[in-house]
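File shown here: input-v4.tsv, holding TSV, C-alpha atoms.
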chain	number	residue	atom	x	y	z
A	147	MET	CA	7.97	-2.70	10.80
A	148	SER	CA	4.59	-4.15	11.81
A	149	VAL	CA	1.54	-5.19	9.83
A	150	LYS	CA	-1.07	-2.47	10.35
A	151	ALA	CA	-4.81	-2.80	10.74
A	152	ILE	CA	-6.72	-1.65	7.66
A	153	SER	CA	-8.31	1.02	9.85
A	154	ALA	CA	-4.85	2.56	10.31
A	155	TYR	CA	-4.06	2.80	6.58
A	156	PRO	CA	-2.20	4.47	4.97
A	157	GLU	CA	0.15	3.92	7.92
A	158	THR	CA	2.36	1.09	6.71
A	159	GLY	CA	5.12	-0.87	8.43
A	160	TRP	CA	8.14	-1.56	6.25
A	161	GLY	CA	7.67	-5.28	6.90
A	162	MET	CA	4.48	-5.16	4.84
A	163	PRO	CA	5.98	-4.42	1.40
A	164	PHE	CA	9.19	-6.25	2.45
A	165	SER	CA	7.29	-9.54	2.43
A	166	ASN	CA	6.29	-9.11	-1.22
A	167	PHE	CA	9.83	-9.31	-2.54
A	168	PHE	CA	10.78	-12.92	-1.78
A	169	ASP	CA	10.31	-15.95	-3.95
A	170	GLY	CA	7.96	-18.82	-3.16
A	171	SER	CA	10.55	-20.60	-1.00
A	172	VAL	CA	10.32	-17.92	1.73
A	173	LYS	CA	7.49	-17.16	4.12
A	174	ILE	CA	7.71	-13.85	5.97
A	175	ASP	CA	6.05	-14.14	9.38
A	176	ASN	CA	5.88	-10.56	10.64
A	177	ARG	CA	5.41	-10.59	14.44
A	178	ALA	CA	6.34	-6.93	14.99
A	179	LYS	CA	3.81	-4.84	16.95
A	180	ASN	CA	3.29	-1.10	17.21
A	181	GLY	CA	4.40	0.45	20.48
A	182	ARG	CA	6.41	-2.53	21.67
A	183	SER	CA	9.88	-2.39	23.15
A	184	THR	CA	12.10	-5.44	23.73
A	185	LYS	CA	10.77	-5.38	27.30
A	186	THR	CA	7.04	-5.34	26.48
A	187	PHE	CA	7.49	-7.72	23.53
A	188	ILE	CA	8.77	-10.28	26.04
A	189	ALA	CA	6.39	-9.34	28.89
A	190	GLU	CA	3.30	-9.63	26.68
A	191	GLY	CA	4.28	-13.12	25.62
A	192	LEU	CA	5.03	-12.12	22.03
A	193	TRP	CA	8.57	-13.48	22.06
A	194	GLN	CA	7.96	-16.97	23.43
A	195	PRO	CA	5.84	-18.18	20.45
A	196	VAL	CA	8.55	-16.93	18.10
A	197	ALA	CA	11.19	-18.78	20.12
A	198	ASN	CA	9.04	-21.92	20.08
A	199	ASN	CA	8.22	-21.79	16.37
A	200	MET	CA	11.54	-20.91	14.78
A	201	LYS	CA	13.35	-23.80	13.17
A	202	LYS	CA	16.80	-24.52	11.84
A	203	GLY	CA	17.44	-22.57	8.66
A	204	ASP	CA	14.95	-19.83	9.52
A	205	TYR	CA	15.98	-16.19	9.84
A	206	LEU	CA	15.12	-13.85	12.69
A	207	ILE	CA	15.02	-10.15	11.81
A	208	ILE	CA	15.17	-7.98	14.93
A	209	GLN	CA	14.47	-4.23	15.01
A	210	PHE	CA	13.64	-2.47	18.27
A	211	GLY	CA	14.57	0.80	19.90
A	212	HIS	CA	11.85	3.40	19.22
A	213	ASN	CA	9.86	2.40	22.27
A	214	ASP	CA	12.77	1.16	24.40
A	215	GLU	CA	14.58	4.49	24.38
A	216	ILE	CA	11.79	6.85	25.53
A	217	ASN	CA	12.06	7.00	29.32
A	218	THR	CA	8.60	8.52	29.76
A	219	LYS	CA	6.91	5.53	28.10
A	220	ALA	CA	5.71	2.44	29.95
A	221	SER	CA	7.66	0.47	27.36
A	222	TYR	CA	10.93	2.13	28.42
A	223	THR	CA	13.76	-0.35	28.64
A	224	THR	CA	17.01	0.55	30.37
A	225	GLU	CA	20.15	0.44	28.28
A	226	SER	CA	21.40	-2.70	29.99
A	227	ASP	CA	18.03	-4.44	29.65
A	228	PHE	CA	17.89	-3.45	25.97
A	229	ARG	CA	21.34	-4.98	25.51
A	230	ASN	CA	20.33	-8.13	27.38
A	231	ASN	CA	17.04	-8.55	25.52
A	232	LEU	CA	18.64	-8.16	22.09
A	233	THR	CA	21.34	-10.61	23.10
A	234	ARG	CA	18.66	-13.02	24.28
A	235	PHE	CA	16.74	-12.88	20.97
A	236	ALA	CA	19.90	-13.41	18.95
A	237	THR	CA	21.44	-16.15	21.08
A	238	GLU	CA	18.18	-18.09	21.40
A	239	ALA	CA	17.96	-17.95	17.61
A	240	LYS	CA	21.54	-19.17	17.19
A	241	SER	CA	20.97	-21.99	19.66
A	242	LYS	CA	18.28	-23.30	17.31
A	243	ASP	CA	20.42	-22.80	14.19
A	244	VAL	CA	18.27	-19.84	13.24
A	245	LYS	CA	20.16	-16.95	11.62
A	246	PRO	CA	19.55	-13.64	13.37
A	247	VAL	CA	19.89	-10.21	11.76
A	248	LEU	CA	20.04	-7.17	14.01
A	249	ILE	CA	18.70	-3.90	12.62
A	250	THR	CA	19.27	-0.49	14.19
A	251	PRO	CA	16.04	1.51	14.66
A	252	VAL	CA	14.93	3.21	11.45
A	253	THR	CA	15.21	6.99	11.54
A	254	ARG	CA	12.49	9.42	12.40
A	255	ARG	CA	11.86	12.46	10.23
A	256	LYS	CA	13.71	15.08	12.25
A	257	PHE	CA	15.74	17.87	10.70
A	258	ASP	CA	17.60	20.67	12.47
A	259	THR	CA	17.16	24.31	11.44
A	260	SER	CA	19.94	24.00	8.87
A	261	GLY	CA	18.13	21.11	7.17
A	262	LYS	CA	20.38	18.39	8.54
A	263	VAL	CA	18.86	15.06	9.67
A	264	VAL	CA	19.04	14.58	13.42
A	265	ASP	CA	19.86	11.13	14.82
A	266	THR	CA	17.16	10.42	17.40
A	267	HIS	CA	18.52	6.96	18.25
A	268	ILE	CA	22.17	7.73	19.12
A	269	VAL	CA	22.42	5.64	22.28
A	270	TYR	CA	20.08	2.76	21.46
A	271	ALA	CA	21.29	2.33	17.87
A	272	GLN	CA	24.83	2.05	19.24
A	273	ILE	CA	23.71	-0.67	21.63
A	274	VAL	CA	22.37	-2.65	18.66
A	275	ARG	CA	25.71	-2.22	16.86
A	276	ASP	CA	27.60	-3.31	19.99
A	277	VAL	CA	25.46	-6.40	20.52
A	278	ALA	CA	25.95	-7.37	16.88
A	279	ALA	CA	29.73	-6.89	17.05
A	280	LYS	CA	30.15	-8.65	20.39
A	281	ASN	CA	28.11	-11.70	19.36
A	282	ASN	CA	29.19	-11.77	15.73
A	283	ILE	CA	25.65	-11.21	14.43
A	284	PRO	CA	24.96	-9.73	11.00
A	285	LEU	CA	23.93	-6.08	11.32
A	286	ILE	CA	21.88	-3.78	9.13
A	287	ASP	CA	22.58	-0.24	10.29
A	288	LEU	CA	19.20	1.05	9.18
A	289	ASP	CA	19.46	4.08	11.45
A	290	SER	CA	22.45	5.38	9.45
A	291	ILE	CA	21.22	4.17	6.07
A	292	SER	CA	17.75	5.66	6.43
A	293	MET	CA	19.18	8.93	7.79
A	294	LYS	CA	21.31	9.23	4.65
A	295	TYR	CA	18.25	8.58	2.52
A	296	LEU	CA	16.20	11.22	4.31
A	297	GLN	CA	19.10	13.66	4.01
A	298	LYS	CA	19.11	13.09	0.26
A	299	LEU	CA	15.39	13.82	0.07
A	300	GLY	CA	15.48	16.80	2.43
A	301	PRO	CA	12.89	18.15	4.87
A	302	GLU	CA	10.08	18.64	2.34
A	303	GLN	CA	10.29	15.59	0.07
A	304	SER	CA	10.84	13.29	3.02
A	305	LYS	CA	7.35	14.16	4.28
A	306	LEU	CA	6.00	11.84	1.58
A	307	LEU	CA	7.62	8.88	3.33
A	308	PHE	CA	5.61	9.40	6.51
A	309	ASN	CA	1.98	9.18	7.50
A	310	ARG	CA	1.33	12.88	7.13
A	311	LEU	CA	-2.20	13.78	6.06
A	312	LEU	CA	-4.14	16.99	5.73
A	313	PRO	CA	-7.54	17.24	7.41
A	314	GLY	CA	-10.10	15.60	5.15
A	315	GLU	CA	-7.47	13.97	2.96
A	316	ASN	CA	-7.90	10.40	4.19
A	317	PRO	CA	-11.06	8.78	5.58
A	318	ASN	CA	-9.15	7.14	8.45
A	319	TYR	CA	-7.73	10.46	9.67
A	320	PRO	CA	-10.47	13.07	9.22
A	321	GLN	CA	-8.56	15.51	11.45
A	322	GLY	CA	-5.35	14.94	9.51
A	323	LYS	CA	-2.09	13.57	10.87
A	324	GLU	CA	1.48	14.81	11.24
A	325	ASP	CA	3.39	11.65	11.98
A	326	ASP	CA	7.18	11.75	11.59
A	327	THR	CA	7.74	8.22	12.87
A	328	HIS	CA	5.32	5.92	11.06
A	329	PHE	CA	5.50	5.42	7.33
A	330	SER	CA	3.15	5.90	4.41
A	331	GLU	CA	2.92	3.17	1.75
A	332	LEU	CA	5.72	4.92	-0.12
A	333	GLY	CA	7.96	5.26	2.93
A	334	ALA	CA	7.46	1.65	3.94
A	335	ARG	CA	8.37	0.48	0.46
A	336	LYS	CA	11.45	2.68	0.25
A	337	ILE	CA	12.69	1.46	3.65
A	338	ALA	CA	11.95	-2.12	2.62
A	339	GLU	CA	14.09	-1.56	-0.49
A	340	LEU	CA	16.96	-0.27	1.67
A	341	VAL	CA	16.69	-3.34	3.91
A	342	LEU	CA	16.47	-5.74	0.94
A	343	ALA	CA	19.70	-4.30	-0.48
A	344	GLN	CA	21.41	-4.94	2.88
A	345	ILE	CA	19.98	-8.46	3.17
A	346	ARG	CA	21.86	-9.35	0.00
A	347	ILE	CA	25.07	-8.28	1.73
A	348	VAL	CA	24.67	-9.58	5.29
A	349	GLN	CA	22.67	-12.76	4.55
A	350	PRO	CA	23.46	-13.62	0.92
A	351	ASP	CA	21.68	-16.98	1.12
A	352	LEU	CA	18.47	-15.18	1.96
A	353	GLY	CA	19.34	-12.47	-0.55
A	354	ALA	CA	19.42	-15.16	-3.23
A	355	ARG	CA	15.72	-15.76	-2.56
A	356	ILE	CA	14.74	-12.19	-3.29
A	357	VAL	CA	12.60	-12.14	-6.42
A	358	LYS	CA	14.33	-11.65	-9.73
A	359	GLU	CA	13.13	-9.60	-12.62
A	360	LYS	CA	10.64	-11.55	-14.61
A	361	THR	CA	11.65	-12.11	-18.20
A	362	SER	CA	8.15	-12.85	-19.42
A	363	PRO	CA	6.95	-10.95	-22.48
A	364	LEU	CA	4.52	-9.17	-20.15
A	365	ASN	CA	7.27	-7.32	-18.30
A	366	ASN	CA	9.75	-6.99	-21.10
A	367	GLY	CA	7.60	-5.78	-23.90
A	368	MET	CA	5.82	-3.17	-21.92
A	369	ASN	CA	8.28	-0.45	-21.07
A	370	GLY	CA	5.58	1.46	-19.33
A	371	ASN	CA	3.32	1.54	-22.32
A	372	GLU	CA	0.56	-0.66	-21.04
A	373	ASN	CA	-1.68	2.06	-19.75
B	30	MET	CA	-53.74	-5.00	21.43
B	31	LYS	CA	-50.84	-5.92	23.61
B	32	ILE	CA	-49.65	-8.47	21.10
B	33	ARG	CA	-49.80	-5.90	18.37
B	34	GLU	CA	-47.70	-3.50	20.44
B	35	ILE	CA	-45.13	-6.16	21.08
B	36	PHE	CA	-45.12	-7.06	17.43
B	37	THR	CA	-44.71	-3.45	16.38
B	38	GLY	CA	-41.98	-2.96	18.94
B	39	SER	CA	-40.09	-6.01	17.70
B	40	PHE	CA	-40.46	-4.91	14.13
B	41	LEU	CA	-38.98	-1.49	14.87
B	42	LEU	CA	-36.14	-3.07	16.79
B	43	ILE	CA	-35.34	-5.36	13.89
B	44	ALA	CA	-35.57	-2.49	11.45
B	45	THR	CA	-32.99	-0.47	13.36
B	46	VAL	CA	-30.42	-3.25	13.64
B	47	LEU	CA	-30.61	-4.36	10.02
B	48	PRO	CA	-27.25	-3.60	8.42
B	49	ALA	CA	-27.04	-1.43	5.31
B	50	LYS	CA	-27.86	-3.37	2.18
B	51	HIS	CA	-24.77	-4.96	0.74
B	52	ILE	CA	-23.68	-3.46	-2.56
B	53	ASN	CA	-20.96	-4.02	-5.10
B	54	VAL	CA	-18.88	-1.25	-6.59
B	55	TYR	CA	-17.53	-2.30	-9.98
B	56	MET	CA	-14.53	-0.49	-11.35
B	57	ILE	CA	-13.88	-0.56	-15.07
B	58	GLY	CA	-10.91	1.14	-16.66
B	59	ASP	CA	-7.24	0.83	-17.50
B	60	SER	CA	-3.83	0.24	-15.89
B	61	THR	CA	-4.07	3.36	-13.74
B	62	MET	CA	-6.99	1.76	-11.86
B	63	CYS	CA	-6.42	-1.99	-12.10
B	64	LEU	CA	-5.16	-4.62	-9.67
B	65	TYR	CA	-1.59	-5.87	-9.99
B	66	ASP	CA	-0.16	-9.20	-8.89
B	67	THR	CA	2.61	-9.02	-6.30
B	68	ASP	CA	5.20	-9.83	-8.95
B	69	ARG	CA	4.43	-6.44	-10.53
B	70	LEU	CA	4.82	-4.44	-7.32
B	71	PRO	CA	5.43	-1.64	-6.59
B	72	LEU	CA	3.30	-0.92	-9.66
B	73	THR	CA	-0.10	-0.13	-8.14
B	74	GLY	CA	-3.46	0.87	-9.58
B	75	TRP	CA	-5.43	3.41	-7.59
B	76	GLY	CA	-8.25	0.90	-7.24
B	77	MET	CA	-6.04	-1.17	-4.93
B	78	PRO	CA	-5.81	1.21	-1.94
B	79	PHE	CA	-9.26	2.62	-2.80
B	80	ALA	CA	-10.78	-0.71	-1.78
B	81	ASP	CA	-9.44	-0.38	1.77
B	82	TYR	CA	-11.63	2.59	2.64
B	83	PHE	CA	-15.17	1.18	2.59
B	84	ASP	CA	-17.11	-0.51	5.33
B	85	SER	CA	-18.16	-4.14	5.16
B	86	SER	CA	-21.42	-3.29	3.38
B	87	VAL	CA	-19.42	-2.66	0.21
B	88	THR	CA	-17.48	-5.07	-1.98
B	89	ILE	CA	-15.14	-3.40	-4.43
B	90	LYS	CA	-14.83	-5.37	-7.64
B	91	ASP	CA	-11.94	-3.88	-9.54
B	92	GLU	CA	-12.34	-5.21	-13.08
B	93	ALA	CA	-10.07	-2.62	-14.69
B	94	LYS	CA	-7.50	-4.08	-17.09
B	95	GLY	CA	-4.10	-2.72	-18.09
B	96	GLY	CA	-3.82	-1.52	-21.67
B	97	ARG	CA	-7.53	-1.55	-22.33
B	98	SER	CA	-9.52	1.16	-24.04
B	99	THR	CA	-13.32	1.32	-23.99
B	100	ARG	CA	-13.20	-0.48	-27.32
B	101	THR	CA	-11.00	-3.41	-26.27
B	102	PHE	CA	-12.66	-3.69	-22.85
B	103	LEU	CA	-15.85	-4.39	-24.77
B	104	SER	CA	-14.39	-6.49	-27.59
B	105	GLU	CA	-12.58	-8.77	-25.13
B	106	ASN	CA	-15.89	-9.33	-23.39
B	107	HIS	CA	-14.95	-7.82	-20.03
B	108	TRP	CA	-18.11	-5.71	-19.84
B	109	ALA	CA	-20.98	-8.11	-20.60
B	110	PRO	CA	-20.34	-10.36	-17.55
B	111	ILE	CA	-20.36	-7.29	-15.33
B	112	VAL	CA	-23.72	-6.16	-16.69
B	113	ASP	CA	-25.07	-9.66	-16.05
B	114	SER	CA	-24.01	-9.56	-12.42
B	115	LEU	CA	-25.13	-5.97	-11.66
B	116	HIS	CA	-27.79	-5.53	-9.01
B	117	ALA	CA	-29.96	-2.52	-8.24
B	118	GLY	CA	-27.99	-0.13	-6.06
B	119	ASP	CA	-24.56	-1.27	-7.26
B	120	TYR	CA	-22.16	1.35	-8.56
B	121	VAL	CA	-20.03	1.31	-11.70
B	122	LEU	CA	-16.95	3.55	-11.69
B	123	ILE	CA	-15.83	4.18	-15.26
B	124	GLN	CA	-12.39	5.56	-16.09
B	125	PHE	CA	-10.99	5.16	-19.57
B	126	GLY	CA	-9.07	7.38	-21.95
B	127	HIS	CA	-5.33	6.69	-21.66
B	128	ASN	CA	-5.51	3.93	-24.24
B	129	ASP	CA	-8.46	5.22	-26.20
B	130	GLU	CA	-6.57	8.38	-27.02
B	131	ALA	CA	-3.30	6.63	-28.00
B	132	ASN	CA	-3.36	7.27	-31.75
B	133	GLU	CA	0.29	6.49	-32.45
B	134	PRO	CA	0.71	3.60	-34.93
B	135	GLN	CA	2.07	1.19	-32.28
B	136	PHE	CA	-1.14	1.58	-30.27
B	137	ALA	CA	-3.53	0.85	-33.11
B	138	ASP	CA	-4.67	-2.22	-31.15
B	139	ARG	CA	-6.22	-0.03	-28.49
B	140	TYR	CA	-6.93	3.34	-30.11
B	141	THR	CA	-10.59	4.37	-30.10
B	142	PRO	CA	-11.82	7.23	-32.28
B	143	LEU	CA	-13.53	9.96	-30.28
B	144	ALA	CA	-17.00	9.15	-31.61
B	145	ASP	CA	-16.62	5.53	-30.55
B	146	TYR	CA	-15.19	6.54	-27.18
B	147	ARG	CA	-18.32	8.57	-26.59
B	148	LYS	CA	-20.57	5.78	-27.81
B	149	ASN	CA	-18.85	3.22	-25.57
B	150	LEU	CA	-19.16	5.44	-22.51
B	151	VAL	CA	-22.85	5.81	-23.31
B	152	LYS	CA	-23.14	2.05	-23.52
B	153	PHE	CA	-21.55	1.59	-20.06
B	154	ILE	CA	-23.90	4.17	-18.62
B	155	THR	CA	-27.13	3.06	-20.21
B	156	GLU	CA	-26.51	-0.62	-19.52
B	157	SER	CA	-25.62	0.13	-15.89
B	158	ARG	CA	-28.81	2.14	-15.54
B	159	SER	CA	-30.84	-0.60	-17.18
B	160	LYS	CA	-29.97	-2.74	-14.15
B	161	ASN	CA	-30.69	0.16	-11.77
B	162	ALA	CA	-26.99	0.45	-11.02
B	163	ILE	CA	-25.41	3.87	-10.61
B	164	PRO	CA	-22.66	4.79	-13.08
B	165	VAL	CA	-19.95	7.30	-12.13
B	166	LEU	CA	-17.79	8.75	-14.90
B	167	ILE	CA	-14.18	9.60	-14.11
B	168	THR	CA	-11.96	11.59	-16.46
B	169	PRO	CA	-8.57	9.95	-17.16
B	170	VAL	CA	-6.12	10.57	-14.32
B	171	THR	CA	-3.23	12.83	-15.26
B	172	ARG	CA	0.16	11.70	-16.44
B	173	ARG	CA	3.31	13.23	-14.92
B	174	ASN	CA	4.04	15.69	-17.68
B	175	PHE	CA	5.43	19.15	-16.88
B	176	ASP	CA	6.50	21.87	-19.27
B	177	LYS	CA	9.84	23.71	-19.03
B	178	ASN	CA	8.36	26.18	-16.54
B	179	GLY	CA	7.27	23.39	-14.24
B	180	GLN	CA	3.65	23.85	-15.21
B	181	ILE	CA	1.62	20.66	-15.36
B	182	LYS	CA	0.60	19.85	-18.92
B	183	GLU	CA	-2.55	18.13	-19.97
B	184	THR	CA	-1.70	15.38	-22.42
B	185	PRO	CA	-3.08	16.92	-25.63
B	186	SER	CA	-5.36	14.10	-26.58
B	187	SER	CA	-6.50	13.74	-22.97
B	188	ILE	CA	-8.24	17.04	-23.38
B	189	GLN	CA	-10.30	15.49	-26.13
B	190	SER	CA	-11.02	12.39	-24.06
B	191	CYS	CA	-11.94	14.42	-21.02
B	192	LYS	CA	-14.21	16.60	-23.04
B	193	GLY	CA	-15.70	13.45	-24.47
B	194	SER	CA	-16.61	12.24	-20.97
B	195	TRP	CA	-17.61	15.67	-19.79
B	196	ARG	CA	-19.92	16.59	-22.58
B	197	PHE	CA	-21.64	13.33	-22.20
B	198	SER	CA	-22.05	13.75	-18.47
B	199	GLU	CA	-23.45	17.22	-18.96
B	200	SER	CA	-25.96	16.13	-21.52
B	201	THR	CA	-27.19	13.27	-19.36
B	202	GLY	CA	-27.06	14.97	-16.00
B	203	TYR	CA	-24.09	12.95	-14.80

Write the structure described by the file as structure tokens, please.
Amino acid sequence: MSVKAISAYPETGWGMPFSNFFDGSVKIDNRAKNGRSTKTFIAEGLWQPVANNMKKGDYLIIQFGHNDEINTKASYTTESDFRNNLTRFATEAKSKDVKPVLITPVTRRKFDTSGKVVDTHIVYAQIVRDVAAKNNIPLIDLDSISMKYLQKLGPEQSKLLFNRLLPGENPNYPQGKEDDTHFSELGARKIAELVLAQIRIVQPDLGARIVKEKTSPLNNGMNGNEN
Amino acid sequence: MKIREIFTGSFLLIATVLPAKHINVYMIGDSTMCLYDTDRLPLTGWGMPFADYFDSSVTIKDEAKGGRSTRTFLSENHWAPIVDSLHAGDYVLIQFGHNDEANEPQFADRYTPLADYRKNLVKFITESRSKNAIPVLITPVTRRNFDKNGQIKETPSSIQSCKGSWRFSESTGY
């Protein structure tokens, strides 16, 4: 979800293209950080400024899980702490009349031998769903939605969504890269599109601020002919 | 003697920490290369991500314009200001052809006959060189056009355009 350093390109967080599809009345302030779990996001003091800055009428889009659920990582967050931390983010938002949206962790690219997408977030995605249901918070089940999308693409085509590079292909990764978690520009944009479609459903007031097709002669007349 | 040694030493030190000379890389071409405003996204010219992969000694100036052929890029006066601002050591990346080769009636506004295409490319090259800038010719990037067997097809007139750029680059050593 995070904004990447230029030196990490073409790795792209889905929050990057996401921010390009709102009208001038919306400012996207992407505070997501690579490698962070709910636990480390709080411990490193990343949450408190968000809590301090958010104002009535703002939205708070929350997506964690990738780094919470791995029990060998320093960022590991127990299931009950994950539940508590998500609840904390959402309730603190609500207490300031900020509208939270909970998002289940976006899928990794993992297929079984029969070509079926494997859910790598079973337990932690369910916690997000439970927190949303229990606290009546709008939910985007991105885990399920993105899994369906990857299933449609299949094991080969879905590689294009991720930061997978051959040696020598990209100056930032001279040794190449086989990343099945972090997205390419294309993957980030496709995931952003999936989230935007859900925003229209779960937060229609925000959905109404998604950009509309321009009707200027520039866009209409072109039909792909302006080479 | 001692002073001279110190002076020489300082000079060498300064010489080694001087950063590489700053240069500009101008990009001239069509919609496949140009910048797009955010309200056109996800439409993206290849010049946009290209600019992210140079160190701070390079400024990429993507002056490519959608819909332009070599002829209209010149007639709309996009080229002359670039020549004026070129410095020795700058680069000029030149990629045209998609609009030059469009000889259907509806594209008469951009079509450039092959002889003019060649002449215009020569103009970009010679005027770049006259400012001691370094031109780089790029053949037009492919369209997504496959035949029934799944074999990639070269857009027929692209072949002409490519050969136009090629022959020129051969004859001039570029």

Near-range 111-124 of chain B list (6 Å; only C-alpha atoms; drop same-chain fewer than 3 positions) as a compact mmCIF listing (two decimals) with C-alpha atoms, keeping the file's coordinate frame:
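File produced: around.txt:
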# COMPACT_ATOMS: atom_id res chain seq x y z
CA ILE B 52 -23.68 -3.46 -2.56
CA ASN B 53 -20.96 -4.02 -5.10
CA VAL B 54 -18.88 -1.25 -6.59
CA TYR B 55 -17.53 -2.30 -9.98
CA MET B 56 -14.53 -0.49 -11.35
CA ILE B 57 -13.88 -0.56 -15.07
CA GLY B 58 -10.91 1.14 -16.66
CA TRP B 108 -18.11 -5.71 -19.84
CA LYS B 160 -29.97 -2.74 -14.15
CA ASN B 161 -30.69 0.16 -11.77
CA ALA B 162 -26.99 0.45 -11.02
CA ILE B 163 -25.41 3.87 -10.61
CA PRO B 164 -22.66 4.79 -13.08
CA VAL B 165 -19.95 7.30 -12.13
CA LEU B 166 -17.79 8.75 -14.90
CA ILE B 167 -14.18 9.60 -14.11
CA PRO B 169 -8.57 9.95 -17.16

**Prompt:** Which residues of chain B are close to chain A, meaning at most 6 Å apart when you count all atoms listed in the file, and how do they look as a list in words?
**Reply:** Ser60, Gly95 and Gly96 of chain B

**Item:** Shortest interatomic distance to Met147 in chain A - which of A:Gly333, A:Gly211, A:Gly161, A:Pro320, counting only C-alpha atoms
**Value:** A:Gly161

**Asked** Nearest to Arg229 in chain A among A:Asn281, A:Thr266, A:Ser290, A:Thr253, with distances taken over all atoms listed in the file: which residue is it?
**Response**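 So, comparing all the options, the nearest one is A:Asn281.
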
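The gap separating CA of Phe228 in chain A from CA of Val277 in chain A is 9.8 Å, in Å to one decimal.
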
**Prompt:** When you draw a straight line from CA of Val252 in chain A to CA of Gly314 in chain A, how long is it in Å?
**Reply:** 28.6 Å

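Each of A:Thr237, A:Thr186, A:Asn176, A:Gln194 was compared to Asp214 in chain A using only C-alpha atoms, and A:Thr186 turns out to be the nearest.
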
**Message:** Restricting the calculation to only C-alpha atoms: of A:Thr184, A:Gln209, A:Asn199, A:Asn230, which residue gets closest to Ile286 in chain A?
**Reply:**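 Nearest candidate to Ile286 in chain A out of A:Thr184, A:Gln209, A:Asn199, A:Asn230: A:Gln209.
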
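Nearest residue to Thr99 in chain B, choosing from B:Gly179, B:Pro71, B:Pro78, B:Pro142 and counting only C-alpha atoms: B:Pro142.
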
Just the residues within 8 Å of Met162 in chain A, please, counting all atoms listed in the file, with nothing from its chain fewer than 2 positions along; format it as a PDB file with C-alpha atoms, keeping the file's coordinate frame.
ATOM      1  CA  MET A 147       7.970  -2.700  10.800  1.00  0.00           C
ATOM      2  CA  SER A 148       4.590  -4.150  11.810  1.00  0.00           C
ATOM      3  CA  VAL A 149       1.540  -5.190   9.830  1.00  0.00           C
ATOM      4  CA  THR A 158       2.360   1.090   6.710  1.00  0.00           C
ATOM      5  CA  GLY A 159       5.120  -0.870   8.430  1.00  0.00           C
ATOM      6  CA  TRP A 160       8.140  -1.560   6.250  1.00  0.00           C
ATOM      7  CA  PHE A 164       9.190  -6.250   2.450  1.00  0.00           C
ATOM      8  CA  SER A 165       7.290  -9.540   2.430  1.00  0.00           C
ATOM      9  CA  ASN A 166       6.290  -9.110  -1.220  1.00  0.00           C
ATOM     10  CA  ALA A 334       7.460   1.650   3.940  1.00  0.00           C
TER      11      ALA A 334
END

Which residues come within 12 Å of Pro246 in chain A, counting all atoms listed in the file, excluding same-chain residues fewer than 3 positions away, as a compact mmCIF listing (two decimals) with C-alpha atoms, keeping the file's coordinate frame?
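Saved to result-v1.txt:
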# COMPACT_ATOMS: atom_id res chain seq x y z
CA ALA A 197 11.19 -18.78 20.12
CA MET A 200 11.54 -20.91 14.78
CA LYS A 201 13.35 -23.80 13.17
CA LYS A 202 16.80 -24.52 11.84
CA GLY A 203 17.44 -22.57 8.66
CA ASP A 204 14.95 -19.83 9.52
CA TYR A 205 15.98 -16.19 9.84
CA LEU A 206 15.12 -13.85 12.69
CA ILE A 207 15.02 -10.15 11.81
CA ILE A 208 15.17 -7.98 14.93
CA GLN A 209 14.47 -4.23 15.01
CA LEU A 232 18.64 -8.16 22.09
CA THR A 233 21.34 -10.61 23.10
CA ARG A 234 18.66 -13.02 24.28
CA PHE A 235 16.74 -12.88 20.97
CA ALA A 236 19.90 -13.41 18.95
CA THR A 237 21.44 -16.15 21.08
CA GLU A 238 18.18 -18.09 21.40
CA ALA A 239 17.96 -17.95 17.61
CA LYS A 240 21.54 -19.17 17.19
CA SER A 241 20.97 -21.99 19.66
CA LYS A 242 18.28 -23.30 17.31
CA ASP A 243 20.42 -22.80 14.19
CA ILE A 249 18.70 -3.90 12.62
CA VAL A 277 25.46 -6.40 20.52
CA ALA A 278 25.95 -7.37 16.88
CA ASN A 281 28.11 -11.70 19.36
CA ASN A 282 29.19 -11.77 15.73
CA ILE A 283 25.65 -11.21 14.43
CA PRO A 284 24.96 -9.73 11.00
CA LEU A 285 23.93 -6.08 11.32
CA ILE A 286 21.88 -3.78 9.13
CA ILE A 345 19.98 -8.46 3.17
CA VAL A 348 24.67 -9.58 5.29
CA GLN A 349 22.67 -12.76 4.55
CA LEU A 352 18.47 -15.18 1.96
